[in-house]
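**Student:** My structure is stored as run35.tsv, with TSV, C-alpha atoms and all ligand atoms.
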```tsv
chain	number	residue	atom	x	y	z
A	250	MET	CA	8.51	-9.07	-3.15
A	251	THR	CA	8.20	-7.64	-6.65
A	252	ALA	CA	9.20	-9.48	-9.85
A	253	ARG	CA	12.83	-9.21	-10.97
A	254	ILE	CA	13.35	-7.12	-14.13
A	255	PRO	CA	16.49	-8.06	-16.11
A	256	TYR	CA	17.96	-4.69	-17.10
A	257	LEU	CA	16.97	-2.84	-13.96
A	258	ASN	CA	19.73	-1.77	-11.57
A	259	ALA	CA	19.98	-3.42	-8.17
A	260	ARG	CA	18.84	-0.32	-6.29
A	261	LEU	CA	15.35	-0.52	-7.85
A	262	GLN	CA	14.87	-4.30	-8.02
A	263	GLY	CA	12.64	-4.26	-4.94
A	264	TYR	CA	10.34	-1.64	-6.49
A	265	THR	CA	9.20	-3.02	-9.82
A	266	SER	CA	5.46	-2.90	-9.18
A	267	THR	CA	3.12	-1.56	-6.56
A	268	ILE	CA	0.25	-3.04	-4.63
A	269	PHE	CA	-1.90	-0.19	-6.00
A	270	SER	CA	-1.62	-1.36	-9.60
A	271	GLU	CA	-2.31	-4.95	-8.53
A	272	MET	CA	-5.40	-4.05	-6.51
A	273	SER	CA	-6.74	-1.51	-9.03
A	274	ALA	CA	-6.43	-4.14	-11.78
A	275	LEU	CA	-8.26	-6.58	-9.51
A	276	ALA	CA	-11.01	-4.00	-8.97
A	277	VAL	CA	-11.49	-3.69	-12.74
A	278	ALA	CA	-11.37	-7.47	-13.29
A	279	THR	CA	-13.95	-8.17	-10.57
A	280	GLY	CA	-16.14	-5.08	-11.08
A	281	SER	CA	-15.34	-4.08	-7.50
A	282	ILE	CA	-15.73	-0.73	-5.80
A	283	ASN	CA	-12.16	0.52	-5.48
A	284	LEU	CA	-11.50	1.83	-1.99
A	285	GLY	CA	-7.82	1.04	-2.47
A	286	GLN	CA	-5.93	3.66	-4.41
A	287	GLY	CA	-5.86	7.20	-3.01
A	288	PHE	CA	-7.80	9.37	-5.42
A	289	PRO	CA	-11.21	10.99	-4.92
A	290	ASP	CA	-14.09	10.25	-7.32
A	291	THR	CA	-15.18	13.90	-7.55
A	292	ASP	CA	-13.13	16.88	-8.68
A	293	GLY	CA	-12.19	19.97	-6.71
A	294	PRO	CA	-13.85	23.41	-6.85
A	295	ASP	CA	-15.25	24.73	-10.17
A	296	LEU	CA	-13.36	27.96	-9.59
A	297	ILE	CA	-10.00	26.31	-10.10
A	298	LYS	CA	-11.17	24.22	-13.06
A	299	ARG	CA	-12.41	27.40	-14.80
A	300	SER	CA	-9.18	29.14	-13.88
A	301	ALA	CA	-7.09	26.36	-15.50
A	302	ILE	CA	-9.15	26.56	-18.70
A	303	ARG	CA	-8.73	30.35	-18.74
A	304	ALA	CA	-4.97	30.03	-18.22
A	305	ILE	CA	-4.71	27.72	-21.24
A	306	GLU	CA	-6.82	30.09	-23.35
A	307	ASP	CA	-4.73	33.05	-22.19
A	308	GLY	CA	-1.62	31.34	-23.54
A	309	HIS	CA	0.11	30.09	-20.37
A	310	ASN	CA	1.27	26.97	-22.15
A	311	GLN	CA	5.06	27.22	-22.30
A	312	TYR	CA	7.72	26.48	-19.67
A	313	PRO	CA	7.00	28.43	-16.49
A	314	PRO	CA	9.96	29.71	-14.37
A	315	LEU	CA	12.05	27.00	-12.68
A	316	ASN	CA	10.89	28.02	-9.20
A	317	GLY	CA	7.22	28.18	-10.27
A	318	ILE	CA	5.19	31.22	-11.35
A	319	SER	CA	5.40	34.16	-8.94
A	320	GLU	CA	1.59	34.24	-8.46
A	321	LEU	CA	1.67	30.68	-7.10
A	322	ARG	CA	4.74	31.24	-4.91
A	323	SER	CA	3.06	34.30	-3.35
A	324	ALA	CA	-0.15	32.34	-2.82
A	325	ILE	CA	1.77	29.48	-1.14
A	326	ALA	CA	3.58	31.96	1.14
A	327	SER	CA	0.37	33.63	2.26
A	328	HIS	CA	-1.42	30.27	2.65
A	329	HIS	CA	1.41	28.97	4.89
A	330	LYS	CA	1.31	32.18	6.93
A	331	ARG	CA	-2.47	32.10	7.34
A	332	HIS	CA	-2.92	28.40	8.08
A	333	ASN	CA	0.35	27.20	9.59
A	334	GLY	CA	1.99	30.34	11.00
A	335	LEU	CA	5.03	29.81	8.76
A	336	ASP	CA	6.99	32.61	7.06
A	337	PHE	CA	8.54	31.90	3.66
A	338	ASP	CA	10.03	34.37	1.20
A	339	PRO	CA	8.27	33.65	-2.13
A	340	VAL	CA	11.42	34.54	-4.07
A	341	THR	CA	14.02	32.38	-2.33
A	342	GLU	CA	12.20	29.90	-0.09
A	343	ILE	CA	9.52	28.27	-2.25
A	344	LEU	CA	9.96	25.76	-5.06
A	345	VAL	CA	7.00	24.48	-7.10
A	346	THR	CA	7.37	20.81	-8.06
A	347	ALA	CA	5.64	18.09	-10.09
A	348	GLY	CA	3.52	17.02	-7.15
A	349	ALA	CA	4.80	16.28	-3.67
A	350	THR	CA	6.33	13.17	-5.23
A	351	GLU	CA	8.94	15.19	-7.09
A	352	ALA	CA	9.62	17.34	-4.02
A	353	ILE	CA	10.31	14.19	-1.97
A	354	ALA	CA	12.51	12.70	-4.70
A	355	SER	CA	14.43	15.96	-5.10
A	356	CYS	CA	15.10	16.17	-1.36
A	357	LEU	CA	16.47	12.64	-1.18
A	358	LEU	CA	18.47	12.87	-4.43
A	359	SER	CA	20.02	16.22	-3.55
A	360	LEU	CA	20.64	15.92	0.18
A	361	CYS	CA	21.88	12.34	0.61
A	362	GLU	CA	25.34	10.98	-0.13
A	363	THR	CA	25.59	7.30	-1.10
A	364	GLY	CA	25.37	5.27	2.09
A	365	ASP	CA	23.68	8.00	4.15
A	366	GLU	CA	20.74	6.94	6.27
A	367	VAL	CA	17.18	8.25	6.14
A	368	VAL	CA	15.00	7.71	9.20
A	369	MET	CA	11.28	7.25	8.57
A	370	PHE	CA	8.29	6.02	10.52
A	371	GLU	CA	6.85	2.62	9.59
A	372	PRO	CA	4.37	2.07	8.00
A	373	TYR	CA	5.49	4.63	5.40
A	374	TYR	CA	4.24	6.02	2.08
A	375	ASP	CA	5.80	3.83	-0.61
A	376	SER	CA	7.72	6.49	-2.56
A	377	TYR	CA	9.92	7.18	0.50
A	378	ALA	CA	11.61	3.79	0.27
A	379	ALA	CA	11.95	3.84	-3.53
A	380	CYS	CA	13.41	7.38	-3.60
A	381	THR	CA	15.77	6.60	-0.74
A	382	ALA	CA	16.98	3.62	-2.77
A	383	MET	CA	17.36	5.75	-5.94
A	384	ALA	CA	19.49	8.16	-3.92
A	385	GLY	CA	21.76	5.27	-2.90
A	386	ALA	CA	20.82	5.88	0.73
A	387	GLN	CA	19.60	3.39	3.35
A	388	ARG	CA	16.35	3.62	5.25
A	389	ARG	CA	16.01	3.04	8.97
A	390	THR	CA	12.51	2.68	10.32
A	391	VAL	CA	10.86	3.63	13.59
A	392	PRO	CA	7.69	1.61	14.26
A	393	LEU	CA	4.33	3.26	14.80
A	394	ARG	CA	2.29	0.99	17.06
A	395	ALA	CA	-1.47	0.42	16.73
A	396	PRO	CA	-4.05	1.35	17.85
A	397	ASP	CA	-2.94	4.99	18.18
A	398	TRP	CA	0.17	4.61	16.01
A	399	SER	CA	2.41	6.15	18.66
A	400	PHE	CA	6.19	5.65	18.67
A	401	GLU	CA	8.73	5.15	21.42
A	402	PRO	CA	11.00	8.21	21.70
A	403	GLU	CA	13.89	5.79	22.43
A	404	ALA	CA	13.21	3.97	19.17
A	405	LEU	CA	13.67	7.24	17.29
A	406	GLU	CA	16.81	8.05	19.26
A	407	ASN	CA	18.20	4.56	18.60
A	408	ALA	CA	17.57	4.89	14.86
A	409	ILE	CA	20.00	7.82	14.64
A	410	THR	CA	23.59	6.95	13.73
A	411	ASN	CA	26.56	8.94	12.49
A	412	ARG	CA	25.32	8.22	8.92
A	413	THR	CA	21.87	9.74	9.49
A	414	ARG	CA	21.24	12.56	7.04
A	415	LEU	CA	17.61	13.33	7.58
A	416	ILE	CA	14.35	12.35	9.24
A	417	LEU	CA	11.31	11.96	6.98
A	418	VAL	CA	7.98	12.72	8.69
A	419	ASN	CA	4.47	12.48	7.29
A	420	THR	CA	1.63	14.15	9.18
A	421	PRO	CA	-1.29	13.59	8.69
A	422	HIS	CA	-0.04	10.11	7.96
A	423	ASN	CA	-0.68	7.76	5.05
A	424	PRO	CA	-1.63	4.88	5.48
A	425	THR	CA	-2.82	5.09	9.11
A	426	GLY	CA	-4.72	8.39	9.31
A	427	LYS	CA	-2.59	9.31	12.32
A	428	VAL	CA	-2.06	12.99	13.12
A	429	PHE	CA	1.20	13.39	15.04
A	430	SER	CA	0.51	15.13	18.37
A	431	LEU	CA	2.35	18.28	19.38
A	432	ALA	CA	4.23	16.26	22.01
A	433	GLU	CA	5.37	13.78	19.33
A	434	LEU	CA	6.44	16.56	17.00
A	435	GLN	CA	8.41	18.06	19.88
A	436	VAL	CA	10.23	14.75	20.39
A	437	ILE	CA	11.16	14.66	16.69
A	438	ALA	CA	12.24	18.30	16.77
A	439	ASP	CA	14.36	17.70	19.86
A	440	VAL	CA	16.16	14.74	18.23
A	441	ALA	CA	16.71	16.71	15.01
A	442	ARG	CA	18.15	19.71	16.87
A	443	ARG	CA	20.41	17.63	19.13
A	444	HIS	CA	21.83	15.62	16.22
A	445	ASP	CA	21.83	18.56	13.80
A	446	LEU	CA	19.62	16.77	11.25
A	447	ILE	CA	17.47	18.01	8.40
A	448	VAL	CA	13.78	17.11	8.61
A	449	VAL	CA	11.67	16.58	5.51
A	450	THR	CA	8.02	16.80	6.43
A	451	ASP	CA	5.34	15.63	4.02
A	452	GLU	CA	2.15	17.52	4.89
A	453	VAL	CA	0.08	16.86	1.76
A	454	TYR	CA	-2.98	16.09	3.93
A	455	GLU	CA	-2.63	19.30	5.96
A	456	HIS	CA	-6.28	20.28	5.38
A	457	LEU	CA	-7.70	16.79	5.92
A	458	VAL	CA	-7.72	16.85	9.73
A	459	TYR	CA	-10.87	16.01	11.63
A	460	GLU	CA	-10.38	16.55	15.36
A	461	SER	CA	-7.53	19.01	15.87
A	462	PRO	CA	-5.85	21.69	13.76
A	463	HIS	CA	-2.83	20.78	11.66
A	464	VAL	CA	0.56	21.61	13.18
A	465	SER	CA	3.52	22.12	10.84
A	466	LEU	CA	6.76	20.76	12.23
A	467	ALA	CA	8.61	23.83	10.94
A	468	SER	CA	6.58	26.02	13.34
A	469	LEU	CA	8.32	24.50	16.39
A	470	PRO	CA	11.20	26.44	17.98
A	471	GLY	CA	14.49	26.06	16.12
A	472	MET	CA	12.93	24.01	13.31
A	473	ALA	CA	12.37	26.58	10.55
A	474	GLU	CA	16.05	26.56	9.59
A	475	ARG	CA	16.36	22.76	9.32
A	476	THR	CA	12.95	21.71	7.97
A	477	ILE	CA	11.71	21.26	4.40
A	478	THR	CA	7.92	21.45	4.38
A	479	ILE	CA	6.28	19.70	1.44
A	480	SER	CA	2.67	19.99	0.37
A	481	SER	CA	0.54	19.58	-2.72
A	482	ALA	CA	-2.67	20.65	-4.41
A	483	ALA	CA	-3.58	17.00	-5.05
A	484	LYS	CA	-5.45	16.23	-1.84
A	485	THR	CA	-6.26	19.79	-0.80
A	486	PHE	CA	-8.27	20.47	-3.98
A	487	SER	CA	-9.01	16.90	-5.14
A	488	VAL	CA	-6.95	17.30	-8.30
A	489	THR	CA	-4.50	14.41	-8.04
A	490	GLY	CA	-3.92	14.41	-11.82
A	491	TRP	CA	-2.63	17.99	-11.94
A	492	LYS	CA	0.61	17.18	-10.10
A	493	VAL	CA	1.29	20.56	-8.55
A	494	GLY	CA	3.26	20.40	-5.31
A	495	TRP	CA	5.72	22.59	-3.45
A	496	ALA	CA	8.66	22.51	-1.08
A	497	CYS	CA	9.32	25.39	1.33
A	498	ALA	CA	12.53	25.88	3.31
A	499	ARG	CA	15.41	28.27	3.96
A	500	PRO	CA	17.19	29.45	0.75
A	501	GLU	CA	20.23	27.13	1.12
A	502	LEU	CA	18.01	24.06	1.35
A	503	ILE	CA	15.81	25.18	-1.55
A	504	ALA	CA	18.93	25.79	-3.67
A	505	ALA	CA	20.06	22.21	-2.98
A	506	ILE	CA	16.68	20.65	-3.77
A	507	ARG	CA	16.31	22.77	-6.92
A	508	SER	CA	19.60	21.34	-8.24
A	509	ALA	CA	17.98	17.89	-8.43
A	510	LYS	CA	14.52	19.10	-9.46
A	511	GLN	CA	15.81	21.02	-12.50
A	512	PHE	CA	17.05	17.76	-14.04
A	513	LEU	CA	14.02	15.67	-13.13
A	514	THR	CA	11.18	17.60	-14.75
A	515	TYR	CA	12.70	21.12	-14.93
A	516	VAL	CA	9.15	22.55	-14.68
A	517	ASN	CA	5.55	21.38	-15.06
A	518	ALA	CA	1.85	22.20	-15.24
A	519	ALA	CA	2.05	25.88	-16.29
A	520	PRO	CA	-1.71	26.55	-16.60
A	521	PHE	CA	-2.51	24.55	-13.47
A	522	GLN	CA	-0.08	26.68	-11.47
A	523	TYR	CA	-2.31	29.73	-12.19
A	524	ALA	CA	-5.37	27.77	-11.11
A	525	ILE	CA	-3.83	26.55	-7.85
A	526	ALA	CA	-2.67	30.10	-7.05
A	527	GLU	CA	-6.28	31.21	-7.36
A	528	GLY	CA	-7.47	28.25	-5.30
A	529	LEU	CA	-5.06	28.91	-2.44
A	530	ASN	CA	-6.07	32.58	-2.38
A	531	GLN	CA	-9.82	32.11	-2.63
A	532	CYS	CA	-10.90	28.70	-1.41
A	533	ASP	CA	-10.58	28.78	2.39
A	534	ASP	CA	-14.36	28.30	2.76
A	535	TYR	CA	-14.30	25.37	0.32
A	536	LEU	CA	-11.57	23.71	2.42
A	537	VAL	CA	-13.64	23.91	5.60
A	538	GLU	CA	-16.70	22.45	3.85
A	539	ALA	CA	-14.71	19.72	2.12
A	540	THR	CA	-13.19	18.63	5.42
A	541	ALA	CA	-16.62	18.51	7.12
A	542	LEU	CA	-17.92	16.34	4.29
A	543	LEU	CA	-14.94	14.00	4.51
A	544	ARG	CA	-15.42	13.67	8.27
A	545	GLU	CA	-18.98	12.42	7.62
A	546	LYS	CA	-17.67	9.96	5.02
A	547	ARG	CA	-15.04	8.66	7.42
A	548	ASP	CA	-17.76	8.06	10.01
A	549	LEU	CA	-20.03	6.37	7.48
A	550	LEU	CA	-17.33	3.94	6.33
A	551	ALA	CA	-16.04	3.31	9.87
A	552	ALA	CA	-19.55	2.43	11.09
A	553	GLY	CA	-20.13	0.14	8.08
A	554	LEU	CA	-16.83	-1.67	8.57
A	555	GLU	CA	-17.53	-2.12	12.25
A	556	THR	CA	-20.99	-3.57	11.51
A	557	ALA	CA	-19.33	-5.94	9.02
A	558	GLY	CA	-17.13	-7.24	11.87
A	559	PHE	CA	-13.84	-5.40	11.34
A	560	LYS	CA	-11.94	-3.78	14.17
A	561	VAL	CA	-11.69	-0.16	13.06
A	562	LEU	CA	-8.70	1.85	14.25
A	563	PRO	CA	-9.08	5.60	14.78
A	564	SER	CA	-8.26	7.90	11.85
A	565	HIS	CA	-7.90	11.61	12.64
A	566	GLY	CA	-6.62	12.80	9.27
A	567	THR	CA	-6.08	11.96	5.55
A	568	PHE	CA	-8.81	10.09	3.67
A	569	PHE	CA	-7.69	6.66	4.88
A	570	LEU	CA	-8.62	4.46	7.76
A	571	THR	CA	-7.17	1.16	8.89
A	572	THR	CA	-8.92	-2.00	10.06
A	573	ASP	CA	-7.59	-4.99	11.92
A	574	ILE	CA	-8.98	-8.09	10.14
A	575	THR	CA	-8.24	-10.62	12.89
A	576	PRO	CA	-11.86	-10.73	14.16
A	577	LEU	CA	-12.85	-11.93	10.66
A	578	SER	CA	-9.95	-13.97	9.36
A	579	ASP	CA	-6.70	-15.77	10.17
A	580	GLU	CA	-5.35	-14.97	6.73
A	581	ASP	CA	-2.86	-12.26	5.94
A	582	GLY	CA	-4.17	-8.91	4.63
A	583	HIS	CA	-3.04	-9.56	1.06
A	584	THR	CA	-4.90	-12.87	0.76
A	585	PHE	CA	-7.87	-11.36	2.57
A	586	CYS	CA	-8.07	-8.39	0.15
A	587	ARG	CA	-7.86	-10.64	-2.91
A	588	GLU	CA	-10.70	-12.80	-1.55
A	589	LEU	CA	-12.74	-9.77	-0.55
A	590	ALA	CA	-12.73	-8.50	-4.14
A	591	GLN	CA	-13.99	-11.88	-5.37
A	592	ARG	CA	-16.57	-12.41	-2.63
A	593	CYS	CA	-17.89	-8.89	-2.01
A	594	GLY	CA	-16.81	-6.72	-4.90
A	595	VAL	CA	-14.89	-4.27	-2.73
A	596	VAL	CA	-11.17	-3.56	-2.99
A	597	ALA	CA	-8.92	-2.30	-0.20
A	598	ILE	CA	-5.13	-2.26	0.27
A	599	PRO	CA	-3.23	-4.69	2.53
A	600	SER	CA	-1.18	-2.43	4.82
A	601	SER	CA	1.78	-4.85	4.75
A	602	ALA	CA	2.72	-2.99	1.50
A	603	PHE	CA	3.75	-0.07	3.71
A	604	TYR	CA	6.00	-2.12	6.00
A	605	ASP	CA	9.54	-3.53	5.86
A	606	ASP	CA	8.60	-5.64	8.82
A	607	LYS	CA	5.74	-7.49	7.09
A	608	ALA	CA	4.87	-9.35	10.31
A	609	SER	CA	3.87	-6.06	11.99
A	610	GLY	CA	1.43	-5.13	9.25
A	611	TRP	CA	0.11	-8.53	8.14
A	612	HIS	CA	-3.37	-8.13	9.70
A	613	PHE	CA	-4.09	-4.50	8.75
A	614	VAL	CA	-6.04	-3.30	5.74
A	615	ARG	CA	-6.31	0.32	4.51
A	616	TRP	CA	-9.55	1.83	3.19
A	617	MET	CA	-10.02	5.10	1.32
A	618	PHE	CA	-13.15	7.13	2.04
A	619	SER	CA	-12.98	10.13	-0.36
A	620	LYS	CA	-15.70	8.65	-2.55
A	621	ARG	CA	-19.26	9.77	-3.26
A	622	ARG	CA	-21.67	8.96	-0.45
A	623	GLU	CA	-23.67	6.50	-2.57
A	624	VAL	CA	-20.46	4.64	-3.48
A	625	LEU	CA	-19.52	4.27	0.20
A	626	GLU	CA	-23.07	3.15	1.04
A	627	GLU	CA	-22.95	0.52	-1.70
A	628	ALA	CA	-19.52	-0.65	-0.46
A	629	VAL	CA	-20.82	-0.97	3.09
A	630	GLU	CA	-23.86	-2.87	1.85
A	631	ARG	CA	-21.62	-5.28	-0.10
A	632	LEU	CA	-19.33	-5.80	2.91
A	633	GLY	CA	-22.38	-6.66	5.00
A	634	ARG	CA	-22.99	-9.60	2.65
A	635	ARG	CA	-19.50	-11.04	3.26
A	636	GLN	CA	-20.52	-13.90	5.53
A	701	LIG	C1	1.85	10.85	2.03
A	701	LIG	C2	1.84	11.23	0.59
A	701	LIG	N1	2.82	11.99	0.10
A	701	LIG	C3	2.87	12.34	-1.20
A	701	LIG	C4	1.90	11.93	-2.08
A	701	LIG	C5	2.00	12.30	-3.53
A	701	LIG	O1	1.48	13.58	-3.76
A	701	LIG	P1	1.43	14.17	-5.26
A	701	LIG	O2	0.29	13.53	-5.95
A	701	LIG	O3	1.25	15.64	-5.03
A	701	LIG	O4	2.73	13.85	-5.90
A	701	LIG	C6	0.85	11.13	-1.62
A	701	LIG	C7	-0.18	10.64	-2.56
A	701	LIG	O5	-0.92	9.73	-2.30
A	701	LIG	C8	0.82	10.77	-0.25
A	701	LIG	O6	-0.16	9.99	0.23
```
Take the structure in the file and give it back as structure tokens.
**Tutor:**
Amino acid sequence: MTARIPYLNARLQGYTSTIFSEMSALAVATGSINLGQGFPDTDGPDLIKRSAIRAIEDGHNQYPPLNGISELRSAIASHHKRHNGLDFDPVTEILVTAGATEAIASCLLSLCETGDEVVMFEPYYDSYAACTAMAGAQRRTVPLRAPDWSFEPEALENAITNRTRLILVNTPHNPTGKVFSLAELQVIADVARRHDLIVVTDEVYEHLVYESPHVSLASLPGMAERTITISSAAKTFSVTGWKVGWACARPELIAAIRSAKQFLTYVNAAPFQYAIAEGLNQCDDYLVEATALLREKRDLLAAGLETAGFKVLPSHGTFFLTTDITPLSDEDGHTFCRELAQRCGVVAIPSSAFYDDKASGWHFVRWMFSKRREVLEEAVERLGRRQ
């Protein structure tokens, strides 16, 4: 539970601090290698960095159009067509946002009435719960069960009530590294169609898949008209600080989301929008190479954690993997992570932060592997000295 803040409204009292700030501060205080928070330690392709500098020098420094610059919307449309088989009209069906975070917030704030319910899979990315609360909606969770993080179709069906407004899906999935299978996506699509629900799908890790190609939920039959597909440049191009994301959906849904978005940030990141447009158009080869490199890093960290005595659960996407700490400790993940920083100088995130049902996540810890090879090797070496 987070500390109570006097003037804060009741909706946000449960969200006053995050485990990421706590663990990142601990990493600094203990001189630890930070494998907690989700940002890479190298930047994306030079091409997009040069493009951003050029855009600033060329004077693209004032408010861009509300929907995003047309060059970026066209690039997003052709990227979605090429990679995910999705058709979006760049004029009416694409909205550029301040990262995926703003796209998610805009969906929840614009689509939910007070008291509506939002169904999400647990563990879940932390902004889902906070934004659901800000929207005055209630969350209902469907458990993903280790080791493969599968869900019971009945559990999803049972989570739907007459107050359900939308289902929130995240594939590839943070924190587990799960990639929802086609069969699982079909179950979700079937439930959404039968109950006439909107689906918001967060696909920010769409290019970080290691064993099978990414499948967009909107590509399934009957889903294009009810799905909002969200993505972001942050993870695709390792530029988490640029905050350029996008939401793609049918015009009526985009119009609704835009109504919230225009009063959150209105617009953002004008010069970076030019750079990401260039990246989406020209960096397909970079994406393949970056994914191959990340796959090697995942394997390096997984092997090191296994040697150090952790039970490593499979990760098929994102730059996270999860370990079960029970072979090493009877303590909960939070206590374990605090001690690990002190004893080994490595920081990870207790997965209980991503659960309502803390008991289900108490013995899992999340590790982030988008770090330079030598950093991961040093972390593995330090973990080996734990005993
Ligand atoms: C699942 C998921 N969605 C959204 C985001 C936020 O993306 P952005 O930085 O584009 O706002 C993250 C960042 O960690 C994430 O893991």
**Student:** Show me the residues around (3.8, 11.3, 21.0) - criterion: an atom at most 9 Å away, all atoms listed in the file counted - as a PyMOL selection string.
**Tutor:** chain A and resi 399-402+429-436
**Student:** Between A:Leu549, A:Leu357, A:Val614, A:Val488, which is the closest to A:Ser601 once you count all atoms listed in the file?
**Tutor:**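 Between A:Leu549, A:Leu357, A:Val614, A:Val488, the residue approaching A:Ser601 most closely is A:Val614.
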**Student:** Would you please work out which residue, of A:Cys361, A:Met272, A:Leu405, A:Leu457, is nearest to A:Ala441 when using all atoms listed in the file?
**Tutor:**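 Closest to A:Ala441 of all the choices is A:Leu405.
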**Student:** Around all the atoms of ligand LIG 701 (chain A) listed in the file, with 6 Å of room on each side, what axis-aligned box do you get, giving centre and edge lengths in Å to one decimal, as lines of an AutoDock Vina configuration file?
**Tutor:**
```
center_x = 1.0
center_y = 12.7
center_z = -2.0
size_x = 15.8
size_y = 17.9
size_z = 20.0
```
**Student:** Kindly work out which residues sit at most 7 Å from ligand LIG 701 (chain A), using all atoms listed in the file, and give the list as a PDB file with C-alpha atoms, in the coordinates of the input.
**Tutor:**
```
ATOM      1  CA  GLY A 287      -5.860   7.200  -3.010  1.00  0.00           C
ATOM      2  CA  ALA A 347       5.640  18.090 -10.090  1.00  0.00           C
ATOM      3  CA  GLY A 348       3.520  17.020  -7.150  1.00  0.00           C
ATOM      4  CA  ALA A 349       4.800  16.280  -3.670  1.00  0.00           C
ATOM      5  CA  THR A 350       6.330  13.170  -5.230  1.00  0.00           C
ATOM      6  CA  GLU A 351       8.940  15.190  -7.090  1.00  0.00           C
ATOM      7  CA  TYR A 374       4.240   6.020   2.080  1.00  0.00           C
ATOM      8  CA  ASN A 419       4.470  12.480   7.290  1.00  0.00           C
ATOM      9  CA  HIS A 422      -0.040  10.110   7.960  1.00  0.00           C
ATOM     10  CA  ASN A 423      -0.680   7.760   5.050  1.00  0.00           C
ATOM     11  CA  ASP A 451       5.340  15.630   4.020  1.00  0.00           C
ATOM     12  CA  VAL A 453       0.080  16.860   1.760  1.00  0.00           C
ATOM     13  CA  SER A 481       0.540  19.580  -2.720  1.00  0.00           C
ATOM     14  CA  ALA A 482      -2.670  20.650  -4.410  1.00  0.00           C
ATOM     15  CA  ALA A 483      -3.580  17.000  -5.050  1.00  0.00           C
ATOM     16  CA  THR A 489      -4.500  14.410  -8.040  1.00  0.00           C
ATOM     17  CA  LYS A 492       0.610  17.180 -10.100  1.00  0.00           C
ATOM     18  CA  VAL A 493       1.290  20.560  -8.550  1.00  0.00           C
ATOM     19  CA  GLY A 494       3.260  20.400  -5.310  1.00  0.00           C
TER      20      GLY A 494
END
```
**Student:** Set the distance at 8 Å and use only C-alpha atoms: which residues neighbour stretch 299-309 of chain A once local chain neighbours fewer than 2 positions away are removed? I'd like the list as a ChimeraX atom specification.
**Tutor:** /A:295-297,311,519-521,523-524,527
**Student:** Check the smallest atom-to-atom distance from each of A:Asn517, A:Ser564, A:Thr584, A:Thr381 to A:Ala395 using all atoms listed in the file, then report the winner.
**Tutor:**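 Nearest candidate to A:Ala395 out of A:Asn517, A:Ser564, A:Thr584, A:Thr381: A:Ser564.
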**Student:** Calculate how many Å separate atom CA of A:Ala326 from atom CA of A:Arg499, rounding to one decimal.
**Tutor:**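 These atoms are spaced 12.7 Å apart.
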**Student:** Skip A:Met369 itself and residues of its chain fewer than 3 positions away, then list as a ChimeraX atom specification all residues within 7 Å of it, counting all atoms listed in the file.
**Tutor:** /A:389-391,416-418
**Student:** Rounded to one decimal in Å, what is the spacing between atom CA of A:Thr485 and atom CA of A:Val368?
**Tutor:**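 Those two atoms sit 26.4 Å apart.
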**Student:** One decimal, Å: what's the distance from atom CA of A:Leu529 over to atom CA of A:Ala504, could you say?
**Tutor:**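 Interatomic distance, atom CA of A:Leu529 to atom CA of A:Ala504: 24.2 Å.
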**Student:** Could you name the residues that touch A:Leu513 at 12 Å or less, counting all atoms listed in the file, but leaving out those on the same chain fewer than 3 positions away, as a compact mmCIF listing (two decimals) with C-alpha atoms, in the coordinates of the input?
**Tutor:**
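See around-v3.txt below for the written result:
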```txt
# COMPACT_ATOMS: atom_id res chain seq x y z
CA LEU A 315 12.05 27.00 -12.68
CA THR A 346 7.37 20.81 -8.06
CA ALA A 347 5.64 18.09 -10.09
CA THR A 350 6.33 13.17 -5.23
CA GLU A 351 8.94 15.19 -7.09
CA ALA A 352 9.62 17.34 -4.02
CA ILE A 353 10.31 14.19 -1.97
CA ALA A 354 12.51 12.70 -4.70
CA SER A 355 14.43 15.96 -5.10
CA CYS A 356 15.10 16.17 -1.36
CA LEU A 358 18.47 12.87 -4.43
CA SER A 359 20.02 16.22 -3.55
CA ILE A 506 16.68 20.65 -3.77
CA ARG A 507 16.31 22.77 -6.92
CA SER A 508 19.60 21.34 -8.24
CA ALA A 509 17.98 17.89 -8.43
CA LYS A 510 14.52 19.10 -9.46
CA VAL A 516 9.15 22.55 -14.68
CA ASN A 517 5.55 21.38 -15.06
```
**Student:** Compile the contact shell of A:Arg547 as a ChimeraX atom specification: residues with an atom at most 8 Å away, counting only C-alpha atoms, same-chain residues fewer than 2 positions apart removed.
**Tutor:** /A:543-545,549-551,568,570,618
**Student:** Can you list, as a ChimeraX atom specification, every protein, DNA or RNA residue that comes within 12 Å of A:His329 when you count only C-alpha atoms, leaving out same-chain residues fewer than 5 positions away?
**Tutor:** /A:322-324,334-339,342-343,452,455-456,463-465,467-468,478-480,495-498,529-530
**Student:** Rank A:Ser609, A:Thr279, A:Thr341, A:Asp581 by their smallest atom-to-atom distance to A:Leu502, using all atoms listed in the file, and report the top residue only.
**Tutor:**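 Going through A:Ser609, A:Thr279, A:Thr341, A:Asp581 one by one, the smallest distance to A:Leu502 is for A:Thr341.
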**Student:** With distances taken over all atoms listed in the file, which residue among A:Leu261, A:Val624, A:Val596, A:Met383 lies nearest A:Ser281?
**Tutor:**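 Selected residue with least distance to A:Ser281: A:Val596.
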